[in-house]
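Structure data follow from data_23.cif (mmCIF, C-alpha atoms):
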```cif
data_final
#
loop_
_atom_site.label_atom_id
_atom_site.label_comp_id
_atom_site.auth_asym_id
_atom_site.auth_seq_id
_atom_site.Cartn_x
_atom_site.Cartn_y
_atom_site.Cartn_z
CA MET A 1 27.94 -14.13 -12.37
CA ILE A 2 27.94 -12.93 -15.97
CA LYS A 3 27.66 -9.38 -14.72
CA LYS A 4 30.65 -9.91 -12.44
CA ILE A 5 32.79 -11.31 -15.24
CA PHE A 6 31.71 -8.42 -17.45
CA PHE A 7 32.67 -5.90 -14.82
CA GLN A 8 35.97 -7.57 -14.15
CA SER A 9 36.89 -7.86 -17.80
CA ILE A 10 36.27 -4.17 -18.33
CA PHE A 11 38.09 -3.30 -15.14
CA PHE A 12 41.12 -5.36 -15.98
CA SER A 13 41.15 -4.31 -19.60
CA PHE A 14 41.97 -0.83 -18.41
CA LEU A 15 44.66 -2.13 -16.11
CA PHE A 16 46.39 -4.22 -18.72
CA PHE A 17 45.80 -2.16 -21.81
CA LYS A 18 46.60 1.20 -20.52
CA GLU A 19 49.07 1.54 -23.34
CA ALA A 20 46.03 1.76 -25.58
CA PHE A 21 45.15 5.06 -23.99
CA ALA A 22 48.70 6.12 -23.24
CA ALA A 23 48.56 8.63 -26.04
CA GLU A 24 45.66 10.45 -24.41
CA SER A 25 46.45 10.18 -20.71
CA GLU A 26 48.55 8.30 -18.23
CA GLY A 27 46.14 5.44 -17.35
CA MET A 28 43.90 5.68 -14.32
CA PRO A 29 43.65 9.23 -13.08
CA GLN A 30 42.84 7.77 -9.67
CA LEU A 31 46.41 6.61 -9.28
CA ASN A 32 47.83 10.02 -10.07
CA PRO A 33 48.87 11.44 -6.69
CA GLU A 34 48.90 15.03 -7.90
CA PHE A 35 45.62 15.97 -6.21
CA TRP A 36 45.54 13.40 -3.42
CA ILE A 37 46.35 15.89 -0.71
CA SER A 38 43.77 18.29 -2.05
CA GLN A 39 41.14 15.57 -2.13
CA ILE A 40 41.97 14.47 1.41
CA PHE A 41 41.83 18.05 2.62
CA TRP A 42 38.50 18.82 0.99
CA LEU A 43 37.04 15.47 2.04
CA ILE A 44 37.91 16.10 5.69
CA LEU A 45 36.67 19.67 5.47
CA THR A 46 33.32 18.92 3.79
CA PHE A 47 32.61 15.66 5.58
CA GLY A 48 33.64 17.10 8.92
CA THR A 49 31.46 20.17 8.48
CA MET A 50 28.54 18.04 7.37
CA TYR A 51 29.01 15.67 10.30
CA VAL A 52 29.12 18.51 12.82
CA VAL A 53 26.08 20.28 11.40
CA LEU A 54 24.09 17.06 11.09
CA SER A 55 24.93 15.74 14.54
CA LYS A 56 24.62 19.06 16.38
CA PHE A 57 21.65 20.67 14.68
CA ILE A 58 19.71 18.56 12.25
CA LEU A 59 19.60 14.99 13.55
CA PRO A 60 18.51 15.98 17.09
CA LYS A 61 15.65 17.95 15.53
CA ILE A 62 14.57 14.99 13.40
CA SER A 63 14.72 12.61 16.35
CA ASN A 64 12.80 15.19 18.41
CA ASN A 65 10.14 15.37 15.74
CA LEU A 66 9.87 11.61 15.60
CA GLU A 67 9.68 11.35 19.39
CA SER A 68 7.05 14.03 19.72
CA ARG A 69 4.96 12.43 16.99
CA LYS A 70 5.29 9.05 18.68
CA SER A 71 4.26 10.45 22.05
CA GLN A 72 1.39 12.37 20.49
CA ILE A 73 0.14 9.24 18.75
CA LEU A 74 0.46 7.31 22.01
CA GLU A 75 -1.47 10.02 23.84
CA ASN A 76 -4.18 9.96 21.22
CA ILE A 77 -4.39 6.19 21.42
CA GLU A 78 -4.65 6.43 25.19
CA ALA A 79 -7.41 9.04 24.94
CA ALA A 80 -9.23 6.91 22.41
CA GLU A 81 -8.91 3.91 24.69
CA LYS A 82 -10.29 5.90 27.60
CA GLN A 83 -13.20 7.12 25.57
CA ARG A 84 -13.91 3.61 24.41
CA GLU A 85 -13.95 2.43 28.03
CA ASP A 86 -16.25 5.30 28.95
CA SER A 87 -18.61 4.47 26.16
CA GLU A 88 -18.61 0.81 27.15
CA ALA A 89 -19.46 1.77 30.73
CA LYS A 90 -22.25 3.98 29.43
CA LEU A 91 -23.48 1.14 27.29
CA THR A 92 -23.66 -1.29 30.22
CA GLU A 93 -25.40 1.40 32.26
CA TYR A 94 -27.90 1.85 29.49
CA ASP A 95 -28.43 -1.90 29.26
CA GLU A 96 -29.02 -2.05 33.00
CA ILE A 97 -31.51 0.79 32.84
CA ILE A 98 -33.36 -0.92 30.04
CA LEU A 99 -33.43 -4.22 31.94
CA LYS A 100 -34.68 -2.47 35.06
CA SER A 101 -37.38 -0.58 33.24
CA LYS A 102 -38.44 -3.77 31.49
CA SER A 103 -38.86 -5.60 34.78
CA GLU A 104 -40.67 -2.59 36.22
CA ALA A 105 -43.02 -2.55 33.27
CA LYS A 106 -43.64 -6.27 33.78
CA THR A 107 -44.48 -5.86 37.45
CA ILE A 108 -46.76 -2.93 36.63
CA ILE A 109 -48.51 -4.98 33.99
CA ASN A 110 -48.89 -7.90 36.40
CA GLN A 111 -50.21 -5.68 39.17
CA THR A 112 -52.74 -3.98 36.93
CA ARG A 113 -53.78 -7.28 35.52
CA GLU A 114 -54.31 -8.74 38.99
CA LYS A 115 -56.17 -5.65 40.02
CA ALA A 116 -58.36 -5.82 36.96
CA LEU A 117 -59.00 -9.50 37.54
CA LYS A 118 -59.93 -8.80 41.15
CA ASP A 119 -62.25 -6.02 40.09
CA ILE A 120 -63.84 -8.23 37.50
CA LEU A 121 -64.23 -11.02 40.03
CA SER A 122 -65.78 -8.81 42.65
CA LYS A 123 -68.11 -7.23 40.13
CA LYS A 124 -68.98 -10.64 38.83
CA GLU A 125 -69.77 -11.83 42.34
CA VAL A 126 -72.02 -8.85 42.94
CA LEU A 127 -73.71 -9.40 39.63
CA ASP A 128 -74.03 -13.11 40.31
CA GLN A 129 -75.57 -12.28 43.65
CA GLN A 130 -78.01 -9.93 42.01
CA ILE A 131 -78.83 -12.43 39.33
CA ASP A 132 -79.34 -15.13 41.95
CA ASP A 133 -81.62 -12.84 43.90
CA GLU A 134 -83.62 -11.97 40.81
CA ILE A 135 -83.85 -15.63 39.90
CA ASN A 136 -84.94 -16.54 43.40
CA LYS A 137 -87.53 -13.78 43.37
CA ALA A 138 -88.82 -14.85 40.01
CA GLU A 139 -88.90 -18.47 41.09
CA LYS A 140 -90.83 -17.53 44.16
CA GLU A 141 -93.29 -15.53 42.08
CA ILE A 142 -93.64 -18.42 39.70
CA GLU A 143 -94.14 -20.77 42.59
CA VAL A 144 -96.85 -18.52 44.04
CA LEU A 145 -98.48 -18.21 40.66
CA ARG A 146 -98.29 -21.94 40.10
CA ILE A 147 -99.77 -22.68 43.46
CA SER A 148 -102.57 -20.16 42.96
CA ALA A 149 -103.16 -20.97 39.28
CA PRO A 150 -105.18 -24.25 39.67
CA ASP A 151 -107.43 -22.60 42.27
CA LYS A 152 -108.12 -19.69 39.96
CA ILE A 153 -108.63 -21.98 37.04
CA ASN A 154 -110.97 -24.11 39.09
CA LYS A 155 -112.85 -21.01 40.18
CA ILE A 156 -113.15 -19.81 36.60
CA ALA A 157 -114.13 -23.29 35.46
CA ILE A 158 -116.80 -23.56 38.15
CA GLU A 159 -118.19 -20.12 37.38
CA THR A 160 -118.20 -20.58 33.66
CA SER A 161 -119.64 -24.06 33.86
CA SER A 162 -122.39 -22.92 36.28
CA GLU A 163 -123.25 -20.00 33.99
CA LEU A 164 -123.21 -22.35 31.03
CA LEU A 165 -125.47 -24.79 32.74
CA GLU A 166 -127.84 -21.98 33.78
CA LYS A 167 -128.14 -20.78 30.19
CA LEU A 168 -128.55 -24.30 28.90
CA ILE A 169 -130.92 -25.59 31.46
CA GLY A 170 -132.43 -22.30 32.48
CA SER A 171 -132.15 -22.82 36.21
CA GLY A 172 -129.48 -22.69 38.86
CA VAL A 173 -127.50 -25.72 39.67
CA ASN A 174 -125.93 -26.48 42.98
CA SER A 175 -122.52 -24.88 42.81
CA SER A 176 -120.92 -27.26 45.30
CA SER A 177 -121.68 -30.32 43.13
CA ILE A 178 -120.23 -28.48 40.11
CA SER A 179 -117.09 -27.57 41.96
CA ALA A 180 -116.62 -31.19 43.00
CA ILE A 181 -116.87 -32.32 39.39
CA VAL A 182 -114.54 -29.52 38.17
CA ASP A 183 -112.02 -30.31 40.87
CA ASP A 184 -111.99 -33.88 39.84
CA LEU A 185 -111.61 -33.04 36.16
CA SER A 186 -109.00 -30.37 36.62
CA LYS A 187 -106.99 -32.67 38.80
CA ARG A 188 -106.94 -35.20 36.06
CA ASN A 189 -106.10 -32.59 33.40
CA GLY A 190 -103.63 -30.87 35.70
CA ASP A 191 -101.82 -34.17 36.02
CA LYS A 192 -101.83 -34.40 32.24
CA TYR A 193 -100.37 -30.83 31.80
CA TYR A 194 -98.14 -30.30 34.77
CA GLY A 195 -97.19 -33.84 35.62
CA ASN A 196 -97.87 -33.33 39.30
CA MET B 1 35.75 11.70 -30.46
CA ALA B 2 35.57 8.35 -28.71
CA ALA B 3 37.04 10.03 -25.68
CA ASN B 4 39.07 8.04 -23.26
CA PRO B 5 36.61 6.38 -20.86
CA MET B 6 38.97 7.19 -18.02
CA SER B 7 39.06 10.90 -18.69
CA GLN B 8 35.82 11.35 -16.77
CA PHE B 9 37.82 10.60 -13.63
CA ASP B 10 40.34 13.39 -14.25
CA VAL B 11 40.75 15.83 -11.43
CA TYR B 12 41.52 19.37 -12.45
CA ARG B 13 42.03 22.59 -10.66
CA ILE B 14 39.23 25.13 -10.51
CA GLY B 15 40.54 28.57 -9.78
CA PRO B 16 43.99 29.41 -8.50
CA GLU B 17 46.48 27.01 -7.01
CA ILE B 18 46.34 27.00 -3.20
CA LYS B 19 49.41 25.79 -1.37
CA VAL B 20 49.83 25.29 2.33
CA GLY B 21 53.47 24.58 2.96
CA ALA B 22 54.41 21.80 0.60
CA PHE B 23 50.82 20.63 0.20
CA ASP B 24 48.62 21.50 -2.74
CA ILE B 25 45.08 21.93 -1.50
CA SER B 26 43.72 23.62 -4.59
CA PHE B 27 39.99 23.71 -5.19
CA THR B 28 39.26 21.01 -7.78
CA ASN B 29 36.21 19.51 -9.44
CA ALA B 30 36.33 16.79 -6.77
CA SER B 31 36.12 19.45 -4.06
CA LEU B 32 33.26 21.08 -5.94
CA PHE B 33 31.21 17.89 -5.95
CA MET B 34 32.02 17.15 -2.32
CA ILE B 35 30.67 20.60 -1.47
CA ILE B 36 27.62 20.12 -3.71
CA SER B 37 26.87 16.79 -2.05
CA THR B 38 27.27 18.04 1.51
CA VAL B 39 25.33 21.24 0.84
CA SER B 40 22.45 19.30 -0.73
CA ILE B 41 22.45 16.84 2.19
CA LEU B 42 22.32 19.70 4.68
CA LEU B 43 19.64 21.46 2.63
CA VAL B 44 17.43 18.41 2.30
CA PHE B 45 17.65 17.45 5.97
CA ASN B 46 17.38 21.02 7.18
CA LEU B 47 14.19 21.45 5.18
CA GLY B 48 13.01 18.08 6.43
CA SER B 49 13.52 18.95 10.09
CA LYS B 50 12.30 22.55 10.06
CA ARG B 51 8.63 21.98 10.59
CA ASN B 52 7.27 19.42 12.99
CA SER B 53 3.82 18.47 11.84
CA VAL B 54 2.04 15.28 12.73
CA LEU B 55 1.30 14.78 9.06
CA PRO B 56 4.75 15.31 7.47
CA ASN B 57 5.24 16.94 4.11
CA LYS B 58 7.44 15.35 1.45
CA MET B 59 10.74 16.73 2.72
CA GLN B 60 9.99 15.85 6.31
CA LEU B 61 8.88 12.38 5.29
CA LEU B 62 12.06 11.89 3.27
CA SER B 63 14.35 12.92 6.10
CA GLU B 64 12.42 10.96 8.71
CA LEU B 65 12.35 7.85 6.54
CA SER B 66 16.14 8.06 6.00
CA TYR B 67 16.60 8.63 9.72
CA THR B 68 14.59 5.56 10.67
CA PHE B 69 16.19 3.54 7.85
CA VAL B 70 19.71 4.23 9.12
CA ALA B 71 18.65 3.87 12.75
CA LYS B 72 17.12 0.48 12.03
CA MET B 73 20.19 -0.60 10.07
CA ILE B 74 22.46 0.30 13.00
CA SER B 75 20.29 -1.27 15.69
CA ASP B 76 19.90 -4.45 13.61
CA THR B 77 23.60 -4.95 12.99
CA ALA B 78 25.38 -3.30 15.92
CA GLY B 79 22.75 -3.23 18.64
CA SER B 80 21.79 -0.44 21.01
CA LYS B 81 25.38 0.23 22.06
CA ALA B 82 26.07 1.80 18.67
CA LYS B 83 23.68 4.68 19.29
CA PRO B 84 26.41 7.30 19.94
CA TYR B 85 27.83 6.58 16.48
CA PHE B 86 24.50 7.07 14.75
CA ALA B 87 25.33 10.58 13.52
CA PHE B 88 28.62 9.43 12.02
CA ILE B 89 27.13 6.44 10.20
CA PHE B 90 24.22 8.56 9.03
CA SER B 91 26.58 11.20 7.63
CA LEU B 92 28.74 8.51 6.08
CA PHE B 93 25.81 6.81 4.38
CA MET B 94 24.35 10.08 3.14
CA PHE B 95 27.71 11.38 1.93
CA VAL B 96 28.49 8.25 -0.05
CA LEU B 97 24.93 8.02 -1.36
CA PHE B 98 24.79 11.65 -2.51
CA CYS B 99 28.27 11.50 -4.07
CA ASN B 100 27.29 8.33 -5.93
CA MET B 101 23.99 9.77 -7.05
CA PHE B 102 25.46 13.09 -8.19
CA GLY B 103 27.95 11.05 -10.17
CA MET B 104 25.06 9.58 -12.13
CA ILE B 105 24.19 12.94 -13.67
CA PRO B 106 25.97 13.31 -17.03
CA TYR B 107 29.02 15.59 -17.09
CA THR B 108 29.43 15.39 -13.34
CA PHE B 109 32.31 14.05 -11.32
CA THR B 110 31.98 11.02 -9.05
CA VAL B 111 33.84 11.74 -5.82
CA THR B 112 33.64 8.14 -4.65
CA SER B 113 35.26 6.80 -7.82
CA HIS B 114 38.62 7.91 -6.46
CA ILE B 115 40.50 5.38 -4.38
CA ILE B 116 42.04 8.06 -2.20
CA VAL B 117 38.64 9.34 -1.05
CA THR B 118 37.23 5.92 -0.25
CA PHE B 119 40.50 4.86 1.31
CA ILE B 120 40.55 7.85 3.64
CA LEU B 121 36.97 7.14 4.68
CA ALA B 122 37.68 3.43 5.16
CA SER B 123 40.91 3.94 7.08
CA PHE B 124 39.24 6.52 9.29
CA ILE B 125 36.55 3.93 10.06
CA PHE B 126 39.18 1.23 10.58
CA ILE B 127 41.26 3.31 12.94
CA GLY B 128 38.21 4.59 14.78
CA VAL B 129 36.75 1.13 15.22
CA THR B 130 40.08 -0.23 16.45
CA ILE B 131 40.42 2.59 18.98
CA ILE B 132 36.83 2.04 20.17
CA GLY B 133 37.53 -1.69 20.51
CA PHE B 134 40.64 -1.13 22.63
CA ILE B 135 38.91 1.49 24.78
CA LYS B 136 35.92 -0.78 25.42
CA HIS B 137 37.77 -4.06 25.98
CA GLY B 138 41.40 -3.12 26.63
CA PHE B 139 43.74 -5.84 25.44
CA GLY B 140 40.79 -8.21 25.56
CA TYR B 141 39.96 -6.81 22.14
CA LEU B 142 42.75 -9.04 20.79
CA LYS B 143 40.46 -11.98 21.52
CA LEU B 144 38.77 -10.96 18.30
CA PHE B 145 41.57 -12.81 16.51
CA VAL B 146 41.04 -16.00 18.51
CA PRO B 147 37.69 -17.50 17.57
CA SER B 148 36.19 -19.82 20.15
CA GLY B 149 35.73 -23.50 19.41
CA VAL B 150 38.73 -23.85 17.11
CA PRO B 151 41.06 -26.87 17.61
CA THR B 152 44.35 -25.83 19.19
CA VAL B 153 46.28 -27.29 16.27
CA LEU B 154 44.64 -24.91 13.85
CA LEU B 155 44.81 -21.92 16.17
CA PRO B 156 48.10 -20.35 14.91
CA LEU B 157 46.84 -20.51 11.33
CA ILE B 158 43.42 -19.14 12.21
CA VAL B 159 44.90 -16.27 14.20
CA VAL B 160 47.11 -15.29 11.27
CA ILE B 161 44.17 -15.43 8.89
CA GLU B 162 42.03 -13.39 11.27
CA ILE B 163 44.71 -10.76 11.62
CA ILE B 164 45.16 -10.52 7.87
CA SER B 165 41.42 -10.29 7.32
CA TYR B 166 41.17 -7.62 9.99
CA LEU B 167 43.97 -5.58 8.50
CA SER B 168 42.57 -5.89 5.00
CA ARG B 169 39.27 -4.36 6.08
CA PRO B 170 40.09 -0.78 5.05
CA ILE B 171 41.41 -1.98 1.72
CA SER B 172 38.42 -4.17 0.94
CA LEU B 173 36.00 -1.49 2.11
CA SER B 174 37.61 1.25 0.03
CA VAL B 175 38.33 -0.82 -3.07
CA ARG B 176 34.78 -2.20 -3.12
CA LEU B 177 33.22 1.23 -3.38
CA PHE B 178 35.89 2.73 -5.64
CA ALA B 179 35.96 -0.22 -8.07
CA ASN B 180 32.19 -0.43 -8.32
CA MET B 181 31.89 3.24 -9.08
CA MET B 182 34.77 3.32 -11.52
CA ALA B 183 33.76 0.15 -13.36
CA GLY B 184 30.17 1.24 -13.72
CA HIS B 185 30.99 4.70 -14.98
CA THR B 186 33.66 3.36 -17.34
CA MET B 187 31.25 0.82 -18.75
CA MET B 188 28.63 3.47 -19.35
CA LYS B 189 31.19 5.64 -21.04
CA VAL B 190 32.34 2.71 -23.23
CA PHE B 191 28.80 1.97 -24.30
CA GLY B 192 28.22 5.64 -24.96
CA GLY B 193 31.33 5.64 -27.14
CA PHE B 194 29.94 2.62 -29.03
CA VAL B 195 26.74 4.51 -29.72
CA ILE B 196 28.73 7.29 -31.35
CA SER B 197 31.07 5.05 -33.29
CA LEU B 198 28.36 2.70 -34.59
CA GLY B 199 26.21 5.64 -35.57
CA LEU B 200 22.56 5.62 -36.60
CA VAL B 201 22.66 2.08 -37.98
CA GLY B 202 24.11 0.01 -35.18
CA GLY B 203 24.07 2.46 -32.32
CA TRP B 204 20.66 1.47 -31.03
CA LEU B 205 21.85 -1.69 -29.35
CA PRO B 206 24.56 -0.07 -27.20
CA LEU B 207 22.13 2.80 -26.57
CA SER B 208 19.59 0.39 -25.12
CA PHE B 209 22.39 -1.16 -23.10
CA SER B 210 23.31 2.28 -21.87
CA VAL B 211 19.75 2.92 -20.77
CA ALA B 212 19.65 -0.38 -18.91
CA LEU B 213 23.07 0.28 -17.40
CA THR B 214 21.91 3.66 -16.12
CA GLY B 215 19.19 1.93 -14.11
CA LEU B 216 21.66 -0.66 -12.90
CA GLU B 217 24.18 2.01 -11.92
CA ILE B 218 21.60 3.94 -9.92
CA LEU B 219 20.87 0.71 -8.08
CA VAL B 220 24.60 0.12 -7.58
CA ALA B 221 25.04 3.69 -6.35
CA PHE B 222 22.46 3.13 -3.63
CA LEU B 223 23.61 -0.41 -2.89
CA GLN B 224 27.27 0.54 -2.48
CA ALA B 225 26.40 3.34 -0.10
CA TYR B 226 24.28 0.87 1.86
CA VAL B 227 27.03 -1.76 1.83
CA PHE B 228 29.60 0.81 2.94
CA ALA B 229 27.42 1.87 5.84
CA ILE B 230 26.39 -1.62 6.87
CA LEU B 231 29.98 -2.89 6.82
CA THR B 232 30.90 0.03 9.05
CA CYS B 233 28.10 -1.10 11.37
CA ILE B 234 29.43 -4.66 11.34
CA TYR B 235 32.94 -3.53 12.17
CA LEU B 236 31.53 -1.35 14.91
CA ASN B 237 29.57 -4.32 16.20
CA ASP B 238 32.82 -6.32 16.43
CA ALA B 239 34.36 -3.54 18.49
CA LEU B 240 31.36 -2.94 20.75
CA ASN B 241 30.11 -6.48 21.36
CA LEU B 242 33.05 -8.84 21.48
CA HIS B 243 31.55 -12.23 20.67
CA HIS B 244 34.65 -14.34 20.35
#
```
Written as structure tokens, that's how I'd like the structure from this file.
Amino acid sequence: MIKKIFFQSIFFSFLFFKEAFAAESEGMPQLNPEFWISQIFWLILTFGTMYVVLSKFILPKISNNLESRKSQILENIEAAEKQREDSEAKLTEYDEIILKSKSEAKTIINQTREKALKDILSKKEVLDQQIDDEINKAEKEIEVLRISAPDKINKIAIETSSELLEKLIGSGVNSSSISAIVDDLSKRNGDKYYGN
Amino acid sequence: MAANPMSQFDVYRIGPEIKVGAFDISFTNASLFMIISTVSILLVFNLGSKRNSVLPNKMQLLSELSYTFVAKMISDTAGSKAKPYFAFIFSLFMFVLFCNMFGMIPYTFTVTSHIIVTFILASFIFIGVTIIGFIKHGFGYLKLFVPSGVPTVLLPLIVVIEIISYLSRPISLSVRLFANMMAGHTMMKVFGGFVISLGLVGGWLPLSFSVALTGLEILVAFLQAYVFAILTCIYLNDALNLHH
């Protein structure tokens, strides 16, 4: 507002006080028609030439440049988009491959584990069988030994006691009576040791 | 000393007097600055359109930015129908802008500070727009003076006002540019005169004013060119898209 008033006051001061400058010139040179025709002529000439040159040669080139840049950028964006899609497809493919190989690895692991378990089981069975056989054999041997042991012991006891008695008494003793006594004794002691 | 602030607007002959019939078309300082302006416009935009690189250099960027600026201004105000007139509005804007800007250099002449120049431009626009309006809409273009939704009682008054406002377009358009340029340059000259007359003691204040005014005037120089071009677009819009 202040600026407007300022402008106007200066503008009007030259309209109303042109007498102040009358000594130097005749007011506003703009209102002197001496060179109006010349100005009009040169304006039309220069502006017209500029308009023709700009519209025929320069502006089409600029708009061409802008268009070509725009289309190039669009093309690049399209190419980038395509490449992005490609890479995404590759990525999903890769994911699929990884998933597949993972499941394959799992099945392989399971199979080998089952196989190993089976092997172990079969081997264990064989071994168990062997162990059972050995145990049975040993038990049988033990049984045989146990059955034969009291007889042997009795025999040894009878022989030793008869020899003992011979040395002590100096004459032979009836072996059948000795064996009867030893049998009786060993039966009692055998009960004590073996719990039979 | 303390030269007349209006003497900067004097037009004088450069070289011999050229007469065609009764008309004096001598080469003057005004003609010189018109030629300087147009030649620099053509130079700048020719340099800016020579090479077409995806990454533009400064000149190319400048010309492409001005191109898109004017194109956007036209499409915003006058729509897509105004495309054939792009070159004219572009030349108009650039011509006024360069003339204004060259006028800001000390000891130069401001072409647009002369009413006859701006008036010729404005009346050319006015006549052109009127012709375009009548070609596009025939006598329907006269509907421009009859706004819709106005009570019938007020209609005669409104039509008269509309006609007067339409006819005053070239005057307002030309006087706006001319008066802004003249007032600004006169004011700068006045303040410059104050600097001289107040001397070393008191001259600093008007000098600082002068510095500030120079910035303001550069802004005004751009703004007036913009206003001139955008008003042309608005008038063109009236002729192309009859809204009333």
_Output of the PyMOL selection byres ((chain B and resi 13-25) around 8), listed as an MDAnalysis selection string_ = (chainID A and resid 35 37:39 41:42) or (chainID B and resid 11:12 26:29)
Limited to C-alpha atoms, could you put the picked residues into a file as a PDB file, in the frame of the given file?
```pdb
ATOM      1  CA  PHE A  35      45.620  15.970  -6.210  1.00  0.00           C
ATOM      2  CA  ILE A  37      46.350  15.890  -0.710  1.00  0.00           C
ATOM      3  CA  SER A  38      43.770  18.290  -2.050  1.00  0.00           C
ATOM      4  CA  GLN A  39      41.140  15.570  -2.130  1.00  0.00           C
ATOM      5  CA  PHE A  41      41.830  18.050   2.620  1.00  0.00           C
ATOM      6  CA  TRP A  42      38.500  18.820   0.990  1.00  0.00           C
TER       7      TRP A  42
ATOM      8  CA  VAL B  11      40.750  15.830 -11.430  1.00  0.00           C
ATOM      9  CA  TYR B  12      41.520  19.370 -12.450  1.00  0.00           C
ATOM     10  CA  SER B  26      43.720  23.620  -4.590  1.00  0.00           C
ATOM     11  CA  PHE B  27      39.990  23.710  -5.190  1.00  0.00           C
ATOM     12  CA  THR B  28      39.260  21.010  -7.780  1.00  0.00           C
ATOM     13  CA  ASN B  29      36.210  19.510  -9.440  1.00  0.00           C
TER      14      ASN B  29
END
```
*Residues picked by the PyMOL selection byres ((chain B and resi 235) around 12) here, as a ChimeraX atom specification?*
/B:74,77-78,82,89,122,125-133,144,165-167,169-170,173,228-234,236-242
If you keep C-alpha atoms, can you produce a file of those selected residues as a PDB file, in the frame of the given file?
```pdb
ATOM      1  CA  ILE B  74      22.460   0.300  13.000  1.00  0.00           C
ATOM      2  CA  THR B  77      23.600  -4.950  12.990  1.00  0.00           C
ATOM      3  CA  ALA B  78      25.380  -3.300  15.920  1.00  0.00           C
ATOM      4  CA  ALA B  82      26.070   1.800  18.670  1.00  0.00           C
ATOM      5  CA  ILE B  89      27.130   6.440  10.200  1.00  0.00           C
ATOM      6  CA  ALA B 122      37.680   3.430   5.160  1.00  0.00           C
ATOM      7  CA  ILE B 125      36.550   3.930  10.060  1.00  0.00           C
ATOM      8  CA  PHE B 126      39.180   1.230  10.580  1.00  0.00           C
ATOM      9  CA  ILE B 127      41.260   3.310  12.940  1.00  0.00           C
ATOM     10  CA  GLY B 128      38.210   4.590  14.780  1.00  0.00           C
ATOM     11  CA  VAL B 129      36.750   1.130  15.220  1.00  0.00           C
ATOM     12  CA  THR B 130      40.080  -0.230  16.450  1.00  0.00           C
ATOM     13  CA  ILE B 131      40.420   2.590  18.980  1.00  0.00           C
ATOM     14  CA  ILE B 132      36.830   2.040  20.170  1.00  0.00           C
ATOM     15  CA  GLY B 133      37.530  -1.690  20.510  1.00  0.00           C
ATOM     16  CA  LEU B 144      38.770 -10.960  18.300  1.00  0.00           C
ATOM     17  CA  SER B 165      41.420 -10.290   7.320  1.00  0.00           C
ATOM     18  CA  TYR B 166      41.170  -7.620   9.990  1.00  0.00           C
ATOM     19  CA  LEU B 167      43.970  -5.580   8.500  1.00  0.00           C
ATOM     20  CA  ARG B 169      39.270  -4.360   6.080  1.00  0.00           C
ATOM     21  CA  PRO B 170      40.090  -0.780   5.050  1.00  0.00           C
ATOM     22  CA  LEU B 173      36.000  -1.490   2.110  1.00  0.00           C
ATOM     23  CA  PHE B 228      29.600   0.810   2.940  1.00  0.00           C
ATOM     24  CA  ALA B 229      27.420   1.870   5.840  1.00  0.00           C
ATOM     25  CA  ILE B 230      26.390  -1.620   6.870  1.00  0.00           C
ATOM     26  CA  LEU B 231      29.980  -2.890   6.820  1.00  0.00           C
ATOM     27  CA  THR B 232      30.900   0.030   9.050  1.00  0.00           C
ATOM     28  CA  CYS B 233      28.100  -1.100  11.370  1.00  0.00           C
ATOM     29  CA  ILE B 234      29.430  -4.660  11.340  1.00  0.00           C
ATOM     30  CA  LEU B 236      31.530  -1.350  14.910  1.00  0.00           C
ATOM     31  CA  ASN B 237      29.570  -4.320  16.200  1.00  0.00           C
ATOM     32  CA  ASP B 238      32.820  -6.320  16.430  1.00  0.00           C
ATOM     33  CA  ALA B 239      34.360  -3.540  18.490  1.00  0.00           C
ATOM     34  CA  LEU B 240      31.360  -2.940  20.750  1.00  0.00           C
ATOM     35  CA  ASN B 241      30.110  -6.480  21.360  1.00  0.00           C
ATOM     36  CA  LEU B 242      33.050  -8.840  21.480  1.00  0.00           C
TER      37      LEU B 242
END
```
*Hey, list the chain A side of the contact with chain B: 7 Å cut-off, all atoms listed in the file, answer as a PyMOL selection string.*
chain A and resi 7+11+21+28-30+36-43+46+50-51+55+58+61-62+65+69
*Quick one: distance from atom CA of Gly192 of chain B to atom CA of Pro206 of chain B in Å, one decimal?*
7.1 Å
_Selection near Asp184 of chain A, 12 Å with all atoms listed in the file, sequence-local residues under 5 positions removed, as a PyMOL selection string_ = chain A and resi 150+154+157-158+177-179+189-191
For those residues, write C-alpha atoms to a file as an mmCIF file, in the coordinates of the input.
```
data_model
loop_
_atom_site.group_PDB
_atom_site.id
_atom_site.type_symbol
_atom_site.label_atom_id
_atom_site.label_comp_id
_atom_site.auth_asym_id
_atom_site.auth_seq_id
_atom_site.Cartn_x
_atom_site.Cartn_y
_atom_site.Cartn_z
ATOM 1 C CA PRO A 150 -105.180 -24.250 39.670
ATOM 2 C CA ASN A 154 -110.970 -24.110 39.090
ATOM 3 C CA ALA A 157 -114.130 -23.290 35.460
ATOM 4 C CA ILE A 158 -116.800 -23.560 38.150
ATOM 5 C CA SER A 177 -121.680 -30.320 43.130
ATOM 6 C CA ILE A 178 -120.230 -28.480 40.110
ATOM 7 C CA SER A 179 -117.090 -27.570 41.960
ATOM 8 C CA ASN A 189 -106.100 -32.590 33.400
ATOM 9 C CA GLY A 190 -103.630 -30.870 35.700
ATOM 10 C CA ASP A 191 -101.820 -34.170 36.020
#
```
*Distance atom CA of Val52 of chain A-atom CA of Ser80 of chain B, one decimal place?*
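A separation of 21.9 Å between them.
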*Find the residues near Ala225 of chain B: any atom within 8 Å, counting all atoms listed in the file, skip ones fewer than 2 places away on the same chain, and give them as a ChimeraX atom specification.*
/B:93-94,96-97,100,177,221-223,227-229
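Counting all atoms listed in the file, the residue from B:Ser148, B:Ser66, B:Ser123, B:Thr112 that sits nearest to His185 of chain B is B:Thr112.
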